Amino acid sequence: MKRNLFWLAIVLLAAAVYFGLLVTVADQYLGADLSLGLPVVARTLIAFLGGLVALVLIIVADDFGNLKRPKTLAAAGILFLLIGSYFGLFVAPPEQFMGETQRIMYVHVPTAWFALVAMTLALASAVVFLFGGDYDWDARMEASIEVGVVLAFLLCCQGAIWAKPTWGVWWDWDPRLTTTAVLLFAFLGILALRKFSEEPHKRAMWSAVATIIAYVDVPIVYFSVKWWNSLHQQQSNPNTVSKPFWIPLRANAFGILLLMTAFIMLRARVAALRLKHELAPPPALTDAEMGETV
Amino acid sequence: MAGKSVRGPVLIAALRKELLLQWRSRAQFMAVFVFGAAALLLFSFAVGPVAEMLRQFSAGFLWLGLLLSSTLTLAESFHAEMENRALEGLLLLPANPRALYYGKAIANWLQLILLGIALVPVMVVLYDAGTTHIGQLVLVIALGTAGLSAPGTLYAAMTAQVRSKQTLLPLLLFPLIVPALLASVKATSLTILGDPMNQSSAWIILLVAFDAIYWSLCGLLFSRVVEE
């Protein structure tokens with residue numbers, strides 16, 4: 001069953017890469033139409049949903065077994081990132097108003113997407129754990145939070161690097177930037193809570209509760225900061241992004257998606273192993289030791 | 001809690017217990033108040049003796065002082081339950097843990113309102129930030145401290161049971177209450193400095209929404225935090 005889920009995810013991922021990336025590459029650089037008659041909206045939807053559903057299926061199907069799958073996914077992710085970076089840095093033309101600075105968008109935007117996806121995965125794991133009590137989901141939650149924290153940190157750094165030449169300051173109190181920073185600190189707090197609580201059951205329960213509470217805060221923070229102050233760029237969507245920019249953006253998006261999936265799988269294995277050690281009964285005493293204690 | 005109080009609703013009994021505890025440890029409240037007042041005094045050194053600027057920032061300083069002292073109050077609320085495993089005893093009572101939570105949260109809330117109101121004169125004297133809209137100021141303090149007390153009480157229940165509790169409670173609480181802090185500071189600031197565009201009502205609505213979400217959500221999740 002789980003094996004089938006994994007391969008279903010791979011098929012979905014292949015469809016997403018085909019319609020999201022290959023069709024555009026062929027259209028732009030080979031002049032070939034591979035779209036199979038599907039309109040742009042349908043292709044974008046397949047790429048978007050296919051990628052997300054594949055991520056969820058791979059995580060669900062993962063039984064913390066062999067390391068071959070996460071390693072393969074990580075390698076594929078790095079490959080996509082290399083392709084995306086090559087197109088983004090050397091092939092795509094500079095943007096009309098922002099010039100070369102805009103090229104950071106090719107990593108910044110996918111990082112933002114998947115930081116949010118990782119946090120949402122953490123929320124889903126927390127809810128599943130609270131209702132089901134399956135410790136596998138505790139491990140997945142820990143992994144998703146940690147990957148989400150790394151992505152959110154990278155996002156803040158990229159945002160600051162982009163803001164300096166564009167707005168003239170490293171930091172601005174814009175809703176998205178501020179929300180990301182708040183989210184980063186909220187989830188860092190949950191990781192600290194996990195570090196400091198020794199009892200596995202309480203640790204799992206508490207961090208699941210804290211994850212739900214912190215996630216609910218995200219929209220409230222966003223809207224409160226938006227009322228307070230606003231200056232950020234409008235979000236991009238396929239209609240506002242010109243076609244040559246699609247390829248590096250989407251290649252990097254698939255790259256980060258695959259790399260993130262692999263990291264979550266690997267980190268969940270670490271968490272599951274630690275839990276196994278904690279829950280294992282103490283080793284039986286040998287006869288010699290029994291003699292000593294008596 | 002012997003005698004007739006057991007017959008009353010559990011929430012009232014839990015609240016009575018908390019208020020009695022707080023009354024018996026009122027020296028703690030005085031200490032927290034002095035801490036908050038000292039913080040307000042120290043904040044002015046960050047700006048310098050410029051009366052106009054101090055007045056401008058007075059609402060922010062008041063809420064930061066209140067926030068810092070609230071972590072002491074909140075952490076204290078579960079401290080007593082950790083002695084002699086009192087929390088386990090409480091959970092053995094035939095009462096919903098939710099009532100226990102709301103009892104504590106309301107008691108903390110009342111204490112924080114009192115603390116906030118006590119810190120207002122200090123702010124007025126130090127920063128020359130008086131206002132005639134006393135009712136609105138008290139309303140904002142009540143709503144803002146409600147936003148601190150609901151998640152704060154829940155997190156205190158967790159952090160009271162772990163190592164380095166003093167660090168962990170602020171670490172968890174501070175990012176979470178950013179919207180409540182923002183709205184409280186804005187609403188208080190508008191109350192003190194004047195509100196020609198009537199913007200404060202929007203911030204008060206945000207505070208009410210924040211309070212409603214966290215008072216219900218934290219009550220729902222509390223039983224998971226204390227269950228054995």
# chains A, B, ... in the order shown; residues from 1 in each chain; ligands from 1
>>> residues_around(residues="B:Ala37", least_positions_apart="4", cutoff="8 Å", atoms="only C-alpha atoms", output="list of chain:residue names")
B:Phe33, B:Leu41, B:Gly65, B:Leu119, B:Val122
>>> write_last_selection(atoms="N, CA and C atoms", output="PDB file, in the first residue's frame")
ATOM      1  N   PHE B  33       4.961  44.555  40.385  1.00  0.00           N
ATOM      2  CA  PHE B  33       4.659  45.959  40.083  1.00  0.00           C
ATOM      3  C   PHE B  33       5.933  46.800  40.136  1.00  0.00           C
ATOM      4  N   LEU B  41      10.997  53.134  34.190  1.00  0.00           N
ATOM      5  CA  LEU B  41      12.039  54.132  34.481  1.00  0.00           C
ATOM      6  C   LEU B  41      13.238  53.927  33.560  1.00  0.00           C
ATOM      7  N   GLY B  65       6.698  47.226  29.368  1.00  0.00           N
ATOM      8  CA  GLY B  65       6.833  47.007  30.806  1.00  0.00           C
ATOM      9  C   GLY B  65       5.837  45.972  31.296  1.00  0.00           C
ATOM     10  N   LEU B 119       0.345  50.574  36.639  1.00  0.00           N
ATOM     11  CA  LEU B 119       1.505  51.140  35.939  1.00  0.00           C
ATOM     12  C   LEU B 119       1.158  52.436  35.204  1.00  0.00           C
ATOM     13  N   VAL B 122       2.426  55.626  36.824  1.00  0.00           N
ATOM     14  CA  VAL B 122       3.881  55.714  36.669  1.00  0.00           C
ATOM     15  C   VAL B 122       4.211  56.277  35.295  1.00  0.00           C
TER      16      VAL B 122
END
>>> closest_atom_pairs(of="chain A", to="chain B", cutoff="6 Å", atoms="only C-alpha atoms", output="CSV")
residue,atom,partner,partner_atom,distance
A:Val182,CA,B:Pro175,CA,5.4
A:Ala186,CA,B:Pro175,CA,5.3
A:Gly189,CA,B:Leu172,CA,4.9
A:Phe196,CA,B:Arg163,CA,5.8
A:Ser197,CA,B:Val162,CA,5.4
A:Trp206,CA,B:Val225,CA,5.8
A:Val221,CA,B:Pro179,CA,5.2
A:Ser224,CA,B:Pro179,CA,5.8
>>> residues_around(residues="A:Leu49", least_positions_apart="4", cutoff="10 Å", atoms="only C-alpha atoms", output="compact mmCIF listing (two decimals) with N, CA and C atoms, in the first residue's frame")
# COMPACT_ATOMS: atom_id res chain seq x y z
N LEU A 12 2.90 11.69 -10.10
CA LEU A 12 2.38 13.06 -9.98
C LEU A 12 3.49 14.09 -10.16
N LEU A 13 4.63 13.79 -9.54
CA LEU A 13 5.77 14.70 -9.62
C LEU A 13 6.24 14.83 -11.06
N ALA A 16 3.88 16.96 -12.88
CA ALA A 16 4.07 18.36 -12.49
C ALA A 16 5.28 18.95 -13.20
N ARG A 43 -2.27 23.74 -16.89
CA ARG A 43 -0.90 23.27 -16.71
C ARG A 43 -0.32 23.76 -15.38
N THR A 44 -0.58 25.05 -15.08
CA THR A 44 -0.08 25.61 -13.82
C THR A 44 -0.69 24.87 -12.63
N LEU A 45 -1.99 24.58 -12.75
CA LEU A 45 -2.69 23.88 -11.68
C LEU A 45 -2.11 22.49 -11.46
N VAL A 53 0.72 17.53 -3.71
CA VAL A 53 0.16 16.22 -3.36
C VAL A 53 1.27 15.18 -3.31
N ALA A 54 2.23 15.28 -4.25
CA ALA A 54 3.36 14.34 -4.25
C ALA A 54 4.13 14.45 -2.95
N LEU A 55 4.37 15.69 -2.50
CA LEU A 55 5.10 15.89 -1.24
C LEU A 55 4.37 15.19 -0.09
>>> closest_residue(among="A:Ile190, A:Pro39, A:Asp287, A:Ala208", to="A:Val149", atoms="only C-alpha atoms")
A:Ile190
>>> residues_around(residues="A:Gly51", least_positions_apart="4", cutoff="12 Å", atoms="only C-alpha atoms", output="JSON, numbers by chain")
{"A": [8, 9, 10, 11, 12, 13, 14, 15, 16, 17, 18, 19, 20, 21, 44, 45, 46, 47, 55, 56, 57, 58, 113, 114, 117, 250, 251, 253, 254, 255, 256, 257, 258, 260, 261]}
>>> write_last_selection(atoms="N, CA and C atoms", output="tab-separated table (two decimals), in the first residue's frame")
chain	number	residue	atom	x	y	z
A	8	LEU	N	2.88	6.48	-6.86
A	8	LEU	CA	1.86	7.42	-7.31
A	8	LEU	C	2.41	8.86	-7.19
A	9	ALA	N	3.09	9.12	-6.08
A	9	ALA	CA	3.68	10.44	-5.88
A	9	ALA	C	4.70	10.76	-6.95
A	10	ILE	N	5.51	9.75	-7.32
A	10	ILE	CA	6.53	9.98	-8.34
A	10	ILE	C	5.87	10.31	-9.68
A	11	VAL	N	4.77	9.59	-9.98
A	11	VAL	CA	4.05	9.86	-11.23
A	11	VAL	C	3.51	11.28	-11.23
A	12	LEU	N	2.90	11.69	-10.10
A	12	LEU	CA	2.38	13.06	-9.98
A	12	LEU	C	3.49	14.09	-10.16
A	13	LEU	N	4.63	13.79	-9.54
A	13	LEU	CA	5.77	14.70	-9.62
A	13	LEU	C	6.24	14.83	-11.06
A	14	ALA	N	6.28	13.67	-11.76
A	14	ALA	CA	6.71	13.70	-13.16
A	14	ALA	C	5.74	14.54	-13.98
A	15	ALA	N	4.42	14.37	-13.73
A	15	ALA	CA	3.43	15.17	-14.46
A	15	ALA	C	3.62	16.65	-14.16
A	16	ALA	N	3.88	16.96	-12.88
A	16	ALA	CA	4.07	18.36	-12.49
A	16	ALA	C	5.28	18.95	-13.20
A	17	VAL	N	6.38	18.19	-13.24
A	17	VAL	CA	7.59	18.69	-13.89
A	17	VAL	C	7.37	18.84	-15.39
A	18	TYR	N	6.64	17.86	-15.96
A	18	TYR	CA	6.38	17.92	-17.40
A	18	TYR	C	5.58	19.17	-17.75
A	19	PHE	N	4.42	19.34	-17.10
A	19	PHE	CA	3.55	20.46	-17.47
A	19	PHE	C	4.05	21.78	-16.93
A	20	GLY	N	4.74	21.74	-15.81
A	20	GLY	CA	5.18	23.00	-15.22
A	20	GLY	C	6.45	23.52	-15.85
A	21	LEU	N	7.33	22.62	-16.28
A	21	LEU	CA	8.66	23.04	-16.68
A	21	LEU	C	8.97	22.69	-18.14
A	44	THR	N	-0.58	25.05	-15.08
A	44	THR	CA	-0.08	25.61	-13.82
A	44	THR	C	-0.69	24.87	-12.63
A	45	LEU	N	-1.99	24.58	-12.75
A	45	LEU	CA	-2.69	23.88	-11.68
A	45	LEU	C	-2.11	22.49	-11.46
A	46	ILE	N	-1.83	21.78	-12.58
A	46	ILE	CA	-1.26	20.44	-12.46
A	46	ILE	C	0.11	20.52	-11.79
A	47	ALA	N	0.93	21.49	-12.23
A	47	ALA	CA	2.26	21.62	-11.66
A	47	ALA	C	2.19	21.91	-10.16
A	55	LEU	N	4.37	15.69	-2.50
A	55	LEU	CA	5.10	15.89	-1.24
A	55	LEU	C	4.37	15.19	-0.09
A	56	VAL	N	3.04	15.43	0.00
A	56	VAL	CA	2.26	14.84	1.10
A	56	VAL	C	2.30	13.32	1.02
A	57	LEU	N	2.12	12.78	-0.21
A	57	LEU	CA	2.10	11.32	-0.36
A	57	LEU	C	3.44	10.71	0.02
A	58	ILE	N	4.54	11.35	-0.40
A	58	ILE	CA	5.85	10.80	-0.07
A	58	ILE	C	6.06	10.78	1.44
A	113	TRP	N	7.40	30.06	-0.71
A	113	TRP	CA	6.34	29.05	-0.86
A	113	TRP	C	6.57	27.88	0.08
A	114	PHE	N	7.80	27.35	0.04
A	114	PHE	CA	8.01	26.09	0.73
A	114	PHE	C	8.26	26.28	2.22
A	117	VAL	N	4.82	25.94	3.16
A	117	VAL	CA	4.39	24.54	3.01
A	117	VAL	C	4.94	23.70	4.16
A	250	ARG	N	10.45	28.02	-11.77
A	250	ARG	CA	9.84	26.72	-11.53
A	250	ARG	C	10.88	25.63	-11.30
A	251	ALA	N	12.00	25.71	-12.01
A	251	ALA	CA	13.05	24.71	-11.79
A	251	ALA	C	13.52	24.78	-10.34
A	253	ALA	N	11.78	25.96	-7.87
A	253	ALA	CA	10.68	25.53	-7.00
A	253	ALA	C	10.68	24.01	-6.86
A	254	PHE	N	10.84	23.30	-7.99
A	254	PHE	CA	10.90	21.84	-7.91
A	254	PHE	C	12.12	21.41	-7.12
A	255	GLY	N	13.24	22.12	-7.33
A	255	GLY	CA	14.47	21.78	-6.61
A	255	GLY	C	14.28	21.88	-5.11
A	256	ILE	N	13.71	23.02	-4.66
A	256	ILE	CA	13.52	23.20	-3.22
A	256	ILE	C	12.50	22.20	-2.70
A	257	LEU	N	11.46	21.94	-3.50
A	257	LEU	CA	10.44	20.96	-3.08
A	257	LEU	C	11.08	19.60	-2.82
A	258	LEU	N	11.91	19.13	-3.77
A	258	LEU	CA	12.52	17.81	-3.63
A	258	LEU	C	13.50	17.78	-2.47
A	260	MET	N	13.54	19.73	0.13
A	260	MET	CA	12.80	19.84	1.39
A	260	MET	C	12.22	18.49	1.78
A	261	THR	N	11.60	17.80	0.80
A	261	THR	CA	11.04	16.49	1.08
A	261	THR	C	12.11	15.55	1.62
>>> residues_around(residues="A:Ala115", least_positions_apart="3", cutoff="12 Å", atoms="only C-alpha atoms", output="VMD selection string")
chain A and resid 107 to 112 118 to 122 144 to 156 179 to 181 183 to 184 187 253 256 to 257 260 to 261
>>> select_by_dssp(residues="stretch 88-174 of chain B", states="alpha helix (DSSP H)", output="VMD selection string")
chain B and resid 88 to 92 97 to 127 134 to 159 165 to 174
>>> atom_distance(atom1="atom CA of B:Ala51", atom2="atom CA of B:Leu193")
13.5 Å
>>> atom_distance(atom1="atom CA of A:Asp63", atom2="atom CA of A:Ala143")
14.0 Å
>>> closest_residue(among="A:Ile220, A:Val225, A:Leu191, A:Leu249", to="A:Arg103", atoms="only C-alpha atoms")
A:Leu249
>>> closest_residue(among="A:Thr286, A:Thr166, A:Asn66, A:Thr101", to="A:Met265", atoms="only C-alpha atoms")
A:Asn66
